[in-house]
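Undergrad: Structure file data_4.cif (mmCIF, C-alpha atoms) is given on the next line.
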data_query
#
loop_
_atom_site.label_atom_id
_atom_site.label_comp_id
_atom_site.auth_asym_id
_atom_site.auth_seq_id
_atom_site.Cartn_x
_atom_site.Cartn_y
_atom_site.Cartn_z
CA MET E 294 -36.18 -21.00 -37.85
CA LEU E 295 -32.84 -19.94 -39.34
CA ALA E 296 -32.06 -17.79 -36.32
CA VAL E 297 -33.00 -20.65 -33.97
CA SER E 298 -30.74 -23.03 -35.86
CA ILE E 299 -27.80 -20.62 -35.91
CA SER E 300 -28.25 -19.74 -32.22
CA SER E 301 -28.40 -23.42 -31.28
CA ALA E 302 -25.29 -24.17 -33.29
CA PHE E 303 -23.46 -21.29 -31.65
CA VAL E 304 -24.45 -22.49 -28.17
CA LEU E 305 -23.23 -25.99 -28.93
CA GLY E 306 -20.00 -24.65 -30.41
CA GLY E 307 -19.52 -22.31 -27.48
CA VAL E 308 -19.97 -25.09 -24.93
CA ILE E 309 -17.60 -27.41 -26.82
CA GLU E 310 -15.00 -24.67 -27.17
CA ARG E 311 -15.53 -23.68 -23.52
CA LEU E 312 -16.20 -20.06 -24.38
CA PRO E 313 -16.82 -17.69 -21.46
CA LEU E 314 -20.46 -17.16 -20.49
CA TRP E 315 -20.60 -13.75 -22.18
CA GLY E 316 -19.29 -15.28 -25.41
CA ILE E 317 -22.00 -17.93 -25.48
CA ALA E 318 -24.67 -15.34 -24.63
CA LEU E 319 -23.44 -13.06 -27.41
CA ALA E 320 -23.41 -15.94 -29.86
CA VAL E 321 -27.02 -16.77 -28.98
CA LEU E 322 -28.18 -13.18 -29.34
CA LEU E 323 -26.30 -12.17 -32.51
CA PRO E 324 -28.42 -14.12 -35.05
CA TRP E 325 -31.53 -12.49 -33.59
CA LEU E 326 -30.23 -8.94 -33.91
CA PRO E 327 -31.18 -8.41 -37.58
CA ILE E 328 -34.67 -9.82 -36.90
CA TRP E 329 -35.10 -7.60 -33.87
CA TRP E 330 -33.84 -4.56 -35.79
CA PHE E 331 -36.26 -4.97 -38.69
CA ASP E 332 -39.13 -5.79 -36.36
CA ALA E 333 -38.41 -2.75 -34.18
CA ALA E 334 -38.23 -0.54 -37.27
CA TRP E 335 -41.57 -1.91 -38.53
CA GLN E 336 -43.21 -1.47 -35.10
CA THR E 337 -42.00 2.12 -34.88
CA ARG E 338 -43.21 2.93 -38.42
CA HIS E 339 -46.65 1.52 -37.72
CA TYR E 340 -47.18 2.14 -34.04
CA GLY E 341 -44.91 5.13 -33.40
CA LEU E 342 -44.04 5.47 -29.75
CA TYR E 343 -45.17 1.91 -29.02
CA GLY E 344 -42.19 0.63 -31.00
CA PHE E 345 -39.83 2.64 -28.82
CA PHE E 346 -41.73 1.43 -25.74
CA ALA E 347 -41.19 -2.18 -26.88
CA ALA E 348 -37.46 -1.64 -27.41
CA LEU E 349 -37.04 -0.03 -23.99
CA THR E 350 -38.93 -2.89 -22.33
CA VAL E 351 -36.81 -5.52 -24.09
CA PHE E 352 -33.57 -3.79 -23.09
CA GLN E 353 -34.72 -3.47 -19.49
CA LEU E 354 -35.68 -7.15 -19.37
CA GLY E 355 -32.13 -7.89 -20.49
CA HIS E 356 -30.83 -5.58 -17.76
CA MET E 357 -32.97 -7.40 -15.20
CA THR E 358 -31.59 -10.73 -16.42
CA GLU E 359 -28.06 -9.45 -15.83
CA HIS E 360 -28.88 -8.54 -12.23
CA ALA E 361 -30.57 -11.89 -11.68
CA ALA E 362 -27.52 -13.67 -13.11
CA GLU E 363 -25.30 -11.73 -10.71
CA LEU E 364 -27.45 -12.87 -7.77
CA VAL E 365 -27.19 -16.49 -8.87
CA GLN E 366 -23.43 -16.14 -9.27
CA LEU E 367 -23.06 -14.61 -5.81
CA PHE E 368 -25.04 -17.49 -4.36
CA ARG E 369 -22.97 -20.10 -6.17
CA ASN E 370 -19.62 -18.35 -5.51
CA HIS E 371 -20.37 -17.85 -1.80
CA GLY E 372 -20.38 -14.07 -2.09
CA ASP E 373 -17.21 -13.69 -4.14
CA LEU E 374 -17.84 -10.34 -5.81
CA ALA E 375 -14.84 -10.65 -8.12
CA GLU E 376 -16.40 -13.75 -9.72
CA SER E 377 -19.93 -12.38 -9.90
CA HIS E 378 -20.49 -9.72 -12.56
CA GLY E 379 -23.45 -11.12 -14.44
CA VAL E 380 -23.24 -12.51 -17.97
CA PHE E 381 -21.53 -9.56 -19.67
CA GLY E 382 -19.07 -8.81 -16.86
CA LEU E 383 -17.30 -6.03 -18.74
CA LEU E 384 -20.50 -3.99 -18.53
CA ASP E 385 -20.54 -4.20 -14.73
CA ASN E 386 -18.82 -0.89 -13.97
CA GLU E 387 -19.98 2.48 -12.64
CA VAL E 388 -19.70 4.27 -15.98
CA VAL E 389 -21.97 1.82 -17.79
CA HIS E 390 -24.41 1.72 -14.84
CA PHE E 391 -24.65 5.50 -14.78
CA TYR E 392 -25.26 6.09 -18.49
CA TRP E 393 -27.56 3.10 -18.85
CA ASN E 394 -29.74 4.29 -15.96
CA ILE E 395 -29.80 7.82 -17.34
CA GLY E 396 -30.97 6.38 -20.66
CA VAL E 397 -33.68 4.35 -18.94
CA TRP E 398 -34.82 7.32 -16.83
CA LEU E 399 -34.98 9.58 -19.89
CA GLY E 400 -36.80 6.89 -21.87
CA ILE E 401 -39.48 6.44 -19.22
CA ALA E 402 -39.79 10.22 -18.74
CA PHE E 403 -40.20 10.68 -22.52
CA LEU E 404 -42.92 8.02 -22.65
CA LEU E 405 -44.74 9.67 -19.76
CA TYR E 406 -44.46 13.09 -21.38
CA ARG E 407 -46.00 11.79 -24.59
CA LEU E 408 -48.52 9.33 -23.13
CA GLY E 409 -49.52 11.48 -20.20
CA SER E 410 -51.42 10.16 -17.24
CA LYS E 411 -53.18 7.41 -19.19
CA ASN E 412 -50.65 4.85 -18.05
CA PRO E 413 -50.28 4.87 -14.25
CA TRP E 414 -47.76 2.02 -14.18
CA LEU E 415 -45.30 4.24 -16.02
CA TRP E 416 -45.40 6.59 -13.05
CA VAL E 417 -44.48 3.71 -10.74
CA ALA E 418 -41.57 2.83 -13.03
CA LEU E 419 -40.44 6.47 -13.08
CA VAL E 420 -40.42 6.75 -9.28
CA ALA E 421 -38.32 3.57 -9.00
CA ALA E 422 -36.03 4.77 -11.80
CA SER E 423 -35.65 8.15 -10.05
CA LEU E 424 -34.55 6.57 -6.75
CA HIS E 425 -32.17 4.33 -8.66
CA MET E 426 -30.88 7.35 -10.58
CA VAL E 427 -30.05 9.24 -7.36
CA GLU E 428 -27.91 6.26 -6.27
CA HIS E 429 -26.01 6.19 -9.55
CA PHE E 430 -25.47 9.94 -9.66
CA TYR E 431 -23.83 9.67 -6.25
CA LEU E 432 -21.86 6.53 -7.14
CA TYR E 433 -20.65 7.90 -10.47
CA TRP E 434 -19.51 11.14 -8.88
CA LEU E 435 -17.57 9.20 -6.22
CA TYR E 436 -16.07 6.90 -8.85
CA VAL E 437 -14.88 9.77 -11.07
CA VAL E 438 -13.87 12.34 -8.44
CA HIS E 439 -12.95 10.28 -5.36
CA GLN E 440 -12.08 6.81 -6.60
CA ASP E 441 -10.06 5.97 -3.46
CA PHE E 442 -13.12 6.68 -1.33
CA TRP E 443 -15.25 4.66 -3.75
CA SER E 444 -12.86 1.67 -3.54
CA ALA E 445 -12.64 1.91 0.24
CA GLY E 446 -16.35 1.32 0.61
CA GLY E 447 -18.11 4.20 -1.06
CA TRP E 448 -19.29 1.76 -3.75
CA ALA E 449 -22.06 0.78 -1.33
CA GLY E 450 -23.75 3.99 -2.41
CA ILE E 451 -26.56 5.66 -0.47
CA MET E 452 -28.94 2.88 0.54
CA GLY E 453 -26.58 -0.10 0.29
CA LYS E 454 -25.40 -1.84 3.45
CA GLY E 455 -22.55 0.28 4.81
CA GLY E 456 -23.60 3.22 2.60
CA LEU E 457 -24.51 6.82 3.32
CA LEU E 458 -27.92 5.98 4.77
CA GLY E 459 -27.59 2.21 4.69
CA SER E 460 -30.07 -0.66 4.66
CA PRO E 461 -29.99 -4.40 5.41
CA LEU E 462 -29.22 -5.11 1.74
CA ASP E 463 -25.76 -5.29 0.21
CA ARG E 464 -25.40 -3.28 -2.99
CA PRO E 465 -25.94 -6.09 -5.55
CA TYR E 466 -29.11 -7.23 -3.78
CA LEU E 467 -30.37 -3.68 -3.35
CA HIS E 468 -29.86 -2.86 -7.02
CA PHE E 469 -31.66 -6.04 -8.00
CA VAL E 470 -34.60 -4.75 -5.97
CA TYR E 471 -34.37 -1.32 -7.65
CA ASN E 472 -34.47 -3.02 -11.04
CA TYR E 473 -37.38 -5.24 -10.06
CA PHE E 474 -39.46 -2.17 -9.17
CA GLU E 475 -38.40 -0.47 -12.40
CA VAL E 476 -38.85 -3.36 -14.80
CA VAL E 477 -42.02 -5.06 -13.56
CA PRO E 478 -44.13 -1.85 -13.70
CA LEU E 479 -42.58 -1.07 -17.09
CA VAL E 480 -43.65 -4.47 -18.44
CA ILE E 481 -47.17 -3.98 -17.05
CA ALA E 482 -47.26 -0.46 -18.51
CA PHE E 483 -46.20 -1.82 -21.90
CA TRP E 484 -48.91 -4.50 -21.81
CA ASP E 485 -51.45 -1.89 -20.73
CA GLN E 486 -50.46 0.45 -23.54
CA GLY E 487 -51.01 -2.36 -26.02
CA TRP E 488 -54.77 -1.98 -25.48
CA ARG E 489 -54.59 1.59 -26.76
CA VAL E 490 -52.25 1.21 -29.72
CA TYR E 491 -53.36 1.80 -33.30
CA ASP E 492 -51.70 1.79 -36.68
CA ARG E 493 -50.46 5.24 -37.75
CA TYR E 494 -51.15 4.59 -41.42
CA LEU E 495 -54.75 3.73 -40.57
CA ALA E 496 -55.00 7.02 -38.64
CA ARG E 497 -53.62 8.96 -41.63
CA ALA E 498 -56.04 7.27 -44.00
CA PHE E 499 -59.06 7.88 -41.72
CA PRO E 500 -58.32 11.03 -39.70
CA THR E 501 -61.92 11.42 -38.51
CA LEU E 502 -62.05 8.05 -36.79
CA SER E 503 -62.02 8.14 -33.00
CA GLU E 504 -59.12 6.61 -31.09
CA GLU E 505 -61.45 3.83 -29.95
CA ASP E 506 -62.43 2.97 -33.53
CA LEU E 507 -58.80 3.10 -34.67
CA VAL E 508 -57.79 0.66 -31.93
CA ALA E 509 -60.67 -1.69 -32.85
CA ALA E 510 -59.82 -1.49 -36.58
CA THR E 511 -56.12 -2.07 -35.89
CA ALA E 512 -56.97 -5.33 -34.12
CA ARG E 513 -58.65 -6.54 -37.35
CA LEU E 514 -55.96 -5.36 -39.76
CA GLN E 515 -54.26 -7.86 -41.99
CA ARG E 516 -50.99 -7.17 -43.69
CA MET E 517 -50.04 -8.02 -47.25
CA THR E 518 -46.80 -7.44 -49.09
CA VAL E 519 -46.71 -7.32 -52.88
CA LEU E 520 -44.01 -7.20 -55.50
CA PRO E 521 -43.78 -4.48 -58.18
CA GLY E 522 -46.43 -5.07 -60.82
CA ALA E 523 -48.58 -7.30 -58.61
CA VAL E 524 -52.32 -6.88 -59.17
CA ILE E 525 -54.16 -6.11 -55.96
CA ILE E 526 -57.64 -5.66 -57.39
CA SER E 527 -58.71 -6.72 -60.86
CA GLN E 528 -61.76 -5.78 -62.90
CA VAL E 529 -63.69 -8.88 -62.05
CA GLN E 530 -62.89 -8.93 -58.38
CA ARG E 531 -65.55 -8.01 -55.84
CA SER E 532 -64.80 -7.80 -52.17
CA ASP E 533 -65.64 -5.55 -49.28
CA SER E 534 -62.18 -4.63 -48.10
CA THR E 535 -60.46 -1.34 -47.53
CA TYR E 536 -56.79 -1.16 -48.38
CA VAL E 537 -54.35 1.25 -46.73
CA VAL E 538 -50.95 1.72 -48.33
CA SER E 539 -48.28 1.62 -45.63
CA LYS E 540 -45.22 1.31 -47.85
CA GLY E 541 -44.49 1.71 -51.54
CA GLU E 542 -46.93 2.94 -54.19
CA VAL E 543 -50.12 1.69 -55.79
CA ALA E 544 -51.59 2.76 -59.13
CA LEU E 545 -55.39 2.87 -59.20
CA ILE E 546 -57.69 3.04 -62.20
CA ARG E 547 -61.09 4.43 -61.24
CA GLU E 548 -64.30 4.67 -63.28
CA ASP E 549 -67.26 6.92 -62.52
CA GLU E 550 -70.94 6.33 -63.34
CA ASN E 551 -70.48 7.88 -66.79
CA GLY E 552 -67.72 5.46 -67.66
CA ARG E 553 -64.96 8.03 -67.40
CA ARG E 554 -61.71 6.52 -66.21
CA TRP E 555 -58.66 8.04 -64.57
CA THR E 556 -55.49 6.92 -62.86
CA SER E 557 -54.26 7.98 -59.48
CA MET E 558 -51.14 7.04 -57.52
CA LEU E 559 -51.43 6.30 -53.84
CA GLY E 560 -48.62 6.43 -51.31
CA PRO E 561 -48.24 5.61 -47.61
CA GLY E 562 -51.21 6.73 -45.52
CA GLN E 563 -53.68 6.72 -48.42
CA SER E 564 -56.48 4.24 -48.86
CA PHE E 565 -58.87 2.79 -51.42
CA GLU E 566 -61.90 0.58 -51.31
CA SER E 567 -62.76 -2.32 -53.53
CA MET E 568 -66.54 -2.03 -53.22
CA ALA E 569 -68.64 -1.37 -56.29
CA ILE E 570 -69.28 2.34 -55.81
CA GLY E 571 -67.24 4.35 -53.34
CA ARG E 572 -68.24 7.53 -51.59
CA ALA E 573 -67.06 9.59 -54.56
CA ARG E 574 -69.49 7.69 -56.82
CA SER E 575 -66.62 5.95 -58.55
CA ARG E 576 -65.31 2.45 -58.38
CA VAL E 577 -61.85 1.04 -58.47
CA ILE E 578 -61.39 -0.90 -61.70
CA SER E 579 -57.93 -2.12 -60.88
CA ALA E 580 -55.12 -1.58 -58.41
CA ALA E 581 -51.54 -2.64 -58.97
CA ALA E 582 -48.32 -2.02 -57.10
CA THR E 583 -45.76 0.09 -58.94
CA GLN E 584 -43.09 -0.68 -56.28
CA ALA E 585 -42.58 -3.36 -53.68
CA SER E 586 -45.38 -2.39 -51.35
CA GLU E 587 -47.06 -3.21 -48.09
CA LEU E 588 -50.79 -2.81 -47.61
CA LEU E 589 -53.07 -3.12 -44.62
CA THR E 590 -56.50 -4.55 -45.28
CA VAL E 591 -59.61 -4.33 -43.17
CA SER E 592 -63.12 -5.52 -43.95
CA LEU E 593 -65.50 -2.63 -44.56
CA LYS E 594 -68.44 -4.34 -42.89
CA ALA E 595 -66.46 -5.06 -39.72
CA SER E 596 -64.69 -1.71 -39.66
CA GLY E 597 -67.89 0.32 -39.71
CA THR E 598 -66.22 3.00 -41.88
CA MET J 69 -52.85 -7.80 -8.87
CA THR J 70 -52.81 -10.99 -6.79
CA GLY J 71 -50.25 -12.46 -9.15
CA LEU J 72 -48.11 -9.36 -8.93
CA ALA J 73 -48.29 -9.34 -5.14
CA THR J 74 -47.36 -13.02 -5.04
CA LEU J 75 -44.44 -12.48 -7.38
CA THR J 76 -43.23 -9.55 -5.29
CA VAL J 77 -43.41 -11.57 -2.09
CA VAL J 78 -41.53 -14.47 -3.68
CA VAL J 79 -38.81 -12.16 -5.04
CA ALA J 80 -38.52 -10.36 -1.69
CA ALA J 81 -38.18 -13.68 0.10
CA ALA J 82 -35.52 -14.84 -2.36
CA VAL J 83 -33.51 -11.64 -1.98
CA ALA J 84 -33.78 -11.81 1.81
CA TYR J 85 -32.67 -15.45 1.75
CA VAL J 86 -29.63 -14.68 -0.40
CA GLN J 87 -28.73 -11.68 1.80
CA VAL J 88 -28.88 -13.78 4.95
CA THR J 89 -27.05 -16.84 3.57
CA VAL J 90 -24.53 -14.94 1.43
CA PRO J 91 -23.64 -11.64 3.10
CA LEU J 92 -20.90 -9.85 1.20
CA ALA J 93 -17.51 -9.11 2.68
CA GLY J 94 -15.59 -6.17 1.34
CA PRO J 95 -14.03 -2.86 2.22
CA SER J 96 -16.28 -0.73 4.33
CA LEU J 97 -16.01 2.75 5.72
CA THR J 98 -16.57 3.95 9.25
CA ARG J 99 -19.91 5.56 9.98
CA ALA J 100 -18.29 9.00 10.07
CA ASP J 101 -16.56 8.44 6.74
CA THR J 102 -19.72 7.31 4.94
CA MET J 103 -21.35 10.67 5.73
CA HIS J 104 -18.48 12.64 4.27
CA TYR J 105 -20.04 13.34 0.86
CA TRP J 106 -23.67 13.68 1.90
CA PRO J 107 -24.06 17.02 0.01
CA VAL J 108 -23.43 15.15 -3.23
CA ALA J 109 -26.31 12.80 -2.46
CA VAL J 110 -28.56 15.76 -1.62
CA ILE J 111 -27.67 17.49 -4.88
CA ALA J 112 -28.27 14.26 -6.80
CA GLY J 113 -31.66 13.96 -5.11
CA LEU J 114 -32.61 17.54 -5.94
CA VAL J 115 -31.56 17.19 -9.58
CA VAL J 116 -33.65 14.06 -10.04
CA LEU J 117 -36.57 15.60 -8.13
CA ILE J 118 -36.59 18.71 -10.32
CA ALA J 119 -36.33 16.64 -13.47
CA THR J 120 -39.18 14.39 -12.35
CA ALA J 121 -41.31 17.42 -11.48
CA ALA J 122 -40.63 18.80 -14.95
CA VAL J 123 -42.03 15.61 -16.48
CA ALA J 124 -45.09 15.80 -14.25
#
Rewrite the structure from the file as structure tokens, please.

TA:
Amino acid sequence: MLAVSISSAFVLGGVIERLPLWGIALAVLLPWLPIWWFDAAWQTRHYGLYGFFAALTVFQLGHMTEHAAELVQLFRNHGDLAESHGVFGLLDNEVVHFYWNIGVWLGIAFLLYRLGSKNPWLWVALVAASLHMVEHFYLYWLYVVHQDFWSAGGWAGIMGKGGLLGSPLDRPYLHFVYNYFEVVPLVIAFWDQGWRVYDRYLARAFPTLSEEDLVAATARLQRMTVLPGAVIISQVQRSDSTYVVSKGEVALIREDENGRRWTSMLGPGQSFESMAIGRARSRVISAAATQASELLTVSLKASGT
Amino acid sequence: MTGLATLTVVVAAAVAYVQVTVPLAGPSLTRADTMHYWPVAVIAGLVVLIATAAVA
């Protein structure tokens, strides 16, 4: 809510002050950056590669928006290229295009290398990114080594109208199409991957669970954050939940059938159950956080563990 | 898949419409000049092809 309020205020201020489009866009995005950063960090900690996948998809959606904005500007400005550079016009140059597309290509290739053939839409995205990458290799080389040639028309590239091979599409329209075939499969691939994602802390706590069971259990996970000293389980409490520590530290007091008690400290990736007698023929008397901690809880009956 | 196909057709139609109604004017090279640096494009293609094959 705070970010929404600040963003809205910035938009209003930007419009009143007649800021350039990129200034208003930046003002809208800035309050969301800290939220995005913490969320991306949390996603990566819990879901590993899926967090990186999410970040890449978000960035590429932003890239696609830039190309769409350029198309709208060209339409409104009757094809005036000088007035049509997207929202963040300063980023519309060959250097940025080249390194951004290399980053995207490497990102998709890395995801494919790690995820393998399980995600066919990633292959579609990689093919589109590869064709796009060939264009930008050629364009970047021209821009750096033969800038006169680039300015004289070489900026059309390979497949752009008037380019090396040519096509019916002028460069901005062609590159919009390249991005469409890169981004749409990437978004589908990201959605598809979501059906196979599981929490890494759950996997560490239960290494013998199959991937299918981990995915099912992850869908039922609930998250709780506790302050130092907070009691998670007390002596009188009975429930049928399993707790997995994902951050911080928890002190457990266990008691066996003979009444012997001992304390153990659990860290990230370790779990405990609150049922009366665990597999080790001991029960958890109490559990309390020794640091600010985050725990994942899943019902034992539903989890099947 | 139907939705994706529909979206693709709509986007293609929009791009074609913009291309036809707003063709871009700008410096352009002669046909002979555009072919001048074709080896660079071939090298770029080979580099990307090898890298893609390495991923596969």

Undergrad: With 8 Å as the limit and counting only C-alpha atoms, what residues in chain J lie close to chain E? Please list them as a PyMOL selection string.

TA: chain J and resi 83+86-87+90-97+99+102-103+106+108-109+112-113+116-117+120+123-124

Undergrad: If I take CA of Ala302 (chain E) and CA of Trp325 (chain E), how far is one from the other in Å, to one decimal?

TA: 13.2 Å

Undergrad: Do you have the CA of Leu312 (chain E)-CA of Pro327 (chain E) distance handy?

TA: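 Distance between the two atoms: 23.1 Å.
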
Undergrad: What does the structure give for the distance between CA of Phe352 (chain E) and CA of Ala81 (chain J), in Å to one decimal?

TA: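 Going from CA of Phe352 (chain E) over to CA of Ala81 (chain J) covers 25.6 Å.
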
Undergrad: Pick from E:Ser579, E:Gln584, E:Val524, E:Ser567: nearest to Leu545 (chain E), with only C-alpha atoms counted?

TA: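 The shortest atom-to-atom distance to Leu545 (chain E) comes from E:Ser579.
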
Undergrad: Provide an axis-aligned box for all listed atoms of region 372-390 of chain E, padding each side by 4 Å; report its centre and its edge lengths in Å to one decimal, as JSON.

TA:
{"center_x": -19.6, "center_y": -4.9, "center_z": -10.9, "size_x": 17.6, "size_y": 26.3, "size_z": 25.6}

Undergrad: Expand the PyMOL selection byres ((chain E and resi 359) around 10) into the individual residues it matches in the shown file, reporting them as a VMD selection string.

TA: chain E and resid 353 to 358 360 to 365 378 to 382 384 to 385 469

Undergrad: I want to know what sits within 7 Å of Phe565 (chain E), based on only C-alpha atoms, with residues of the same chain fewer than 3 positions away left out; could you give that as a PyMOL selection string?

TA: chain E and resi 535-537

Undergrad: What would the file look like if the residues just selected were written as a short mmCIF file (atom, residue, chain, number, x, y, z; two decimals), keeping the file's coordinate frame with C-alpha atoms?

TA:
data_model
loop_
_atom_site.label_atom_id
_atom_site.label_comp_id
_atom_site.auth_asym_id
_atom_site.auth_seq_id
_atom_site.Cartn_x
_atom_site.Cartn_y
_atom_site.Cartn_z
CA THR E 535 -60.46 -1.34 -47.53
CA TYR E 536 -56.79 -1.16 -48.38
CA VAL E 537 -54.35 1.25 -46.73
#

Undergrad: What would the list of residues within 12 Å of (-57.4, 3.2, -23.2) (file frame) look like as number ranges by chain, if all atoms listed in the file are what count?

TA: E: 408-413, 482, 484-491, 503-509

Undergrad: Take region 508-516 of chain E, bring it up to all heavy atoms, and give me the output as a PDB file, in the frame of the given file.

TA:
ATOM      1  N   VAL E 508     -58.324   1.807 -32.673  1.00  0.00           N
ATOM      2  CA  VAL E 508     -57.790   0.660 -31.930  1.00  0.00           C
ATOM      3  C   VAL E 508     -58.527  -0.612 -32.359  1.00  0.00           C
ATOM      4  O   VAL E 508     -57.914  -1.647 -32.608  1.00  0.00           O
ATOM      5  CB  VAL E 508     -57.925   0.887 -30.411  1.00  0.00           C
ATOM      6  CG1 VAL E 508     -57.576  -0.382 -29.641  1.00  0.00           C
ATOM      7  CG2 VAL E 508     -57.032   2.035 -29.951  1.00  0.00           C
ATOM      8  N   ALA E 509     -59.871  -0.517 -32.460  1.00  0.00           N
ATOM      9  CA  ALA E 509     -60.670  -1.690 -32.850  1.00  0.00           C
ATOM     10  C   ALA E 509     -60.309  -2.128 -34.270  1.00  0.00           C
ATOM     11  O   ALA E 509     -60.174  -3.329 -34.548  1.00  0.00           O
ATOM     12  CB  ALA E 509     -62.154  -1.351 -32.756  1.00  0.00           C
ATOM     13  N   ALA E 510     -60.147  -1.158 -35.186  1.00  0.00           N
ATOM     14  CA  ALA E 510     -59.820  -1.490 -36.580  1.00  0.00           C
ATOM     15  C   ALA E 510     -58.410  -2.087 -36.671  1.00  0.00           C
ATOM     16  O   ALA E 510     -58.168  -3.010 -37.447  1.00  0.00           O
ATOM     17  CB  ALA E 510     -59.922  -0.250 -37.458  1.00  0.00           C
ATOM     18  N   THR E 511     -57.498  -1.569 -35.863  1.00  0.00           N
ATOM     19  CA  THR E 511     -56.120  -2.070 -35.890  1.00  0.00           C
ATOM     20  C   THR E 511     -56.083  -3.549 -35.504  1.00  0.00           C
ATOM     21  O   THR E 511     -55.304  -4.338 -36.061  1.00  0.00           O
ATOM     22  CB  THR E 511     -55.233  -1.261 -34.925  1.00  0.00           C
ATOM     23  OG1 THR E 511     -55.177   0.099 -35.385  1.00  0.00           O
ATOM     24  CG2 THR E 511     -53.819  -1.817 -34.863  1.00  0.00           C
ATOM     25  N   ALA E 512     -56.946  -3.931 -34.562  1.00  0.00           N
ATOM     26  CA  ALA E 512     -56.970  -5.330 -34.120  1.00  0.00           C
ATOM     27  C   ALA E 512     -57.401  -6.258 -35.247  1.00  0.00           C
ATOM     28  O   ALA E 512     -57.083  -7.452 -35.237  1.00  0.00           O
ATOM     29  CB  ALA E 512     -57.915  -5.466 -32.929  1.00  0.00           C
ATOM     30  N   ARG E 513     -58.153  -5.701 -36.245  1.00  0.00           N
ATOM     31  CA  ARG E 513     -58.650  -6.540 -37.350  1.00  0.00           C
ATOM     32  C   ARG E 513     -57.812  -6.416 -38.611  1.00  0.00           C
ATOM     33  O   ARG E 513     -58.101  -7.072 -39.603  1.00  0.00           O
ATOM     34  CB  ARG E 513     -60.103  -6.154 -37.680  1.00  0.00           C
ATOM     35  CG  ARG E 513     -61.107  -6.563 -36.609  1.00  0.00           C
ATOM     36  CD  ARG E 513     -62.526  -6.361 -37.135  1.00  0.00           C
ATOM     37  NE  ARG E 513     -62.726  -4.975 -37.542  1.00  0.00           N
ATOM     38  CZ  ARG E 513     -63.115  -4.020 -36.723  1.00  0.00           C
ATOM     39  NH1 ARG E 513     -63.326  -4.278 -35.458  1.00  0.00           N
ATOM     40  NH2 ARG E 513     -63.280  -2.783 -37.166  1.00  0.00           N
ATOM     41  N   LEU E 514     -56.781  -5.587 -38.569  1.00  0.00           N
ATOM     42  CA  LEU E 514     -55.960  -5.360 -39.760  1.00  0.00           C
ATOM     43  C   LEU E 514     -55.224  -6.628 -40.161  1.00  0.00           C
ATOM     44  O   LEU E 514     -54.739  -7.379 -39.319  1.00  0.00           O
ATOM     45  CB  LEU E 514     -54.926  -4.266 -39.495  1.00  0.00           C
ATOM     46  CG  LEU E 514     -55.383  -2.810 -39.605  1.00  0.00           C
ATOM     47  CD1 LEU E 514     -54.213  -1.899 -39.301  1.00  0.00           C
ATOM     48  CD2 LEU E 514     -55.941  -2.515 -40.977  1.00  0.00           C
ATOM     49  N   GLN E 515     -55.141  -6.809 -41.482  1.00  0.00           N
ATOM     50  CA  GLN E 515     -54.260  -7.860 -41.990  1.00  0.00           C
ATOM     51  C   GLN E 515     -53.246  -7.196 -42.897  1.00  0.00           C
ATOM     52  O   GLN E 515     -53.512  -6.181 -43.530  1.00  0.00           O
ATOM     53  CB  GLN E 515     -55.078  -8.893 -42.761  1.00  0.00           C
ATOM     54  CG  GLN E 515     -56.007  -9.657 -41.829  1.00  0.00           C
ATOM     55  CD  GLN E 515     -56.638 -10.845 -42.503  1.00  0.00           C
ATOM     56  OE1 GLN E 515     -56.780 -10.864 -43.722  1.00  0.00           O
ATOM     57  NE2 GLN E 515     -57.013 -11.835 -41.720  1.00  0.00           N
ATOM     58  N   ARG E 516     -52.092  -7.793 -42.965  1.00  0.00           N
ATOM     59  CA  ARG E 516     -50.990  -7.170 -43.690  1.00  0.00           C
ATOM     60  C   ARG E 516     -50.678  -7.998 -44.921  1.00  0.00           C
ATOM     61  O   ARG E 516     -50.670  -9.224 -44.861  1.00  0.00           O
ATOM     62  CB  ARG E 516     -49.785  -7.116 -42.758  1.00  0.00           C
ATOM     63  CG  ARG E 516     -48.585  -6.439 -43.305  1.00  0.00           C
ATOM     64  CD  ARG E 516     -47.527  -6.377 -42.202  1.00  0.00           C
ATOM     65  NE  ARG E 516     -46.218  -6.513 -42.818  1.00  0.00           N
ATOM     66  CZ  ARG E 516     -45.265  -7.324 -42.406  1.00  0.00           C
ATOM     67  NH1 ARG E 516     -45.457  -8.071 -41.364  1.00  0.00           N
ATOM     68  NH2 ARG E 516     -44.109  -7.374 -43.031  1.00  0.00           N
TER      69      ARG E 516
END
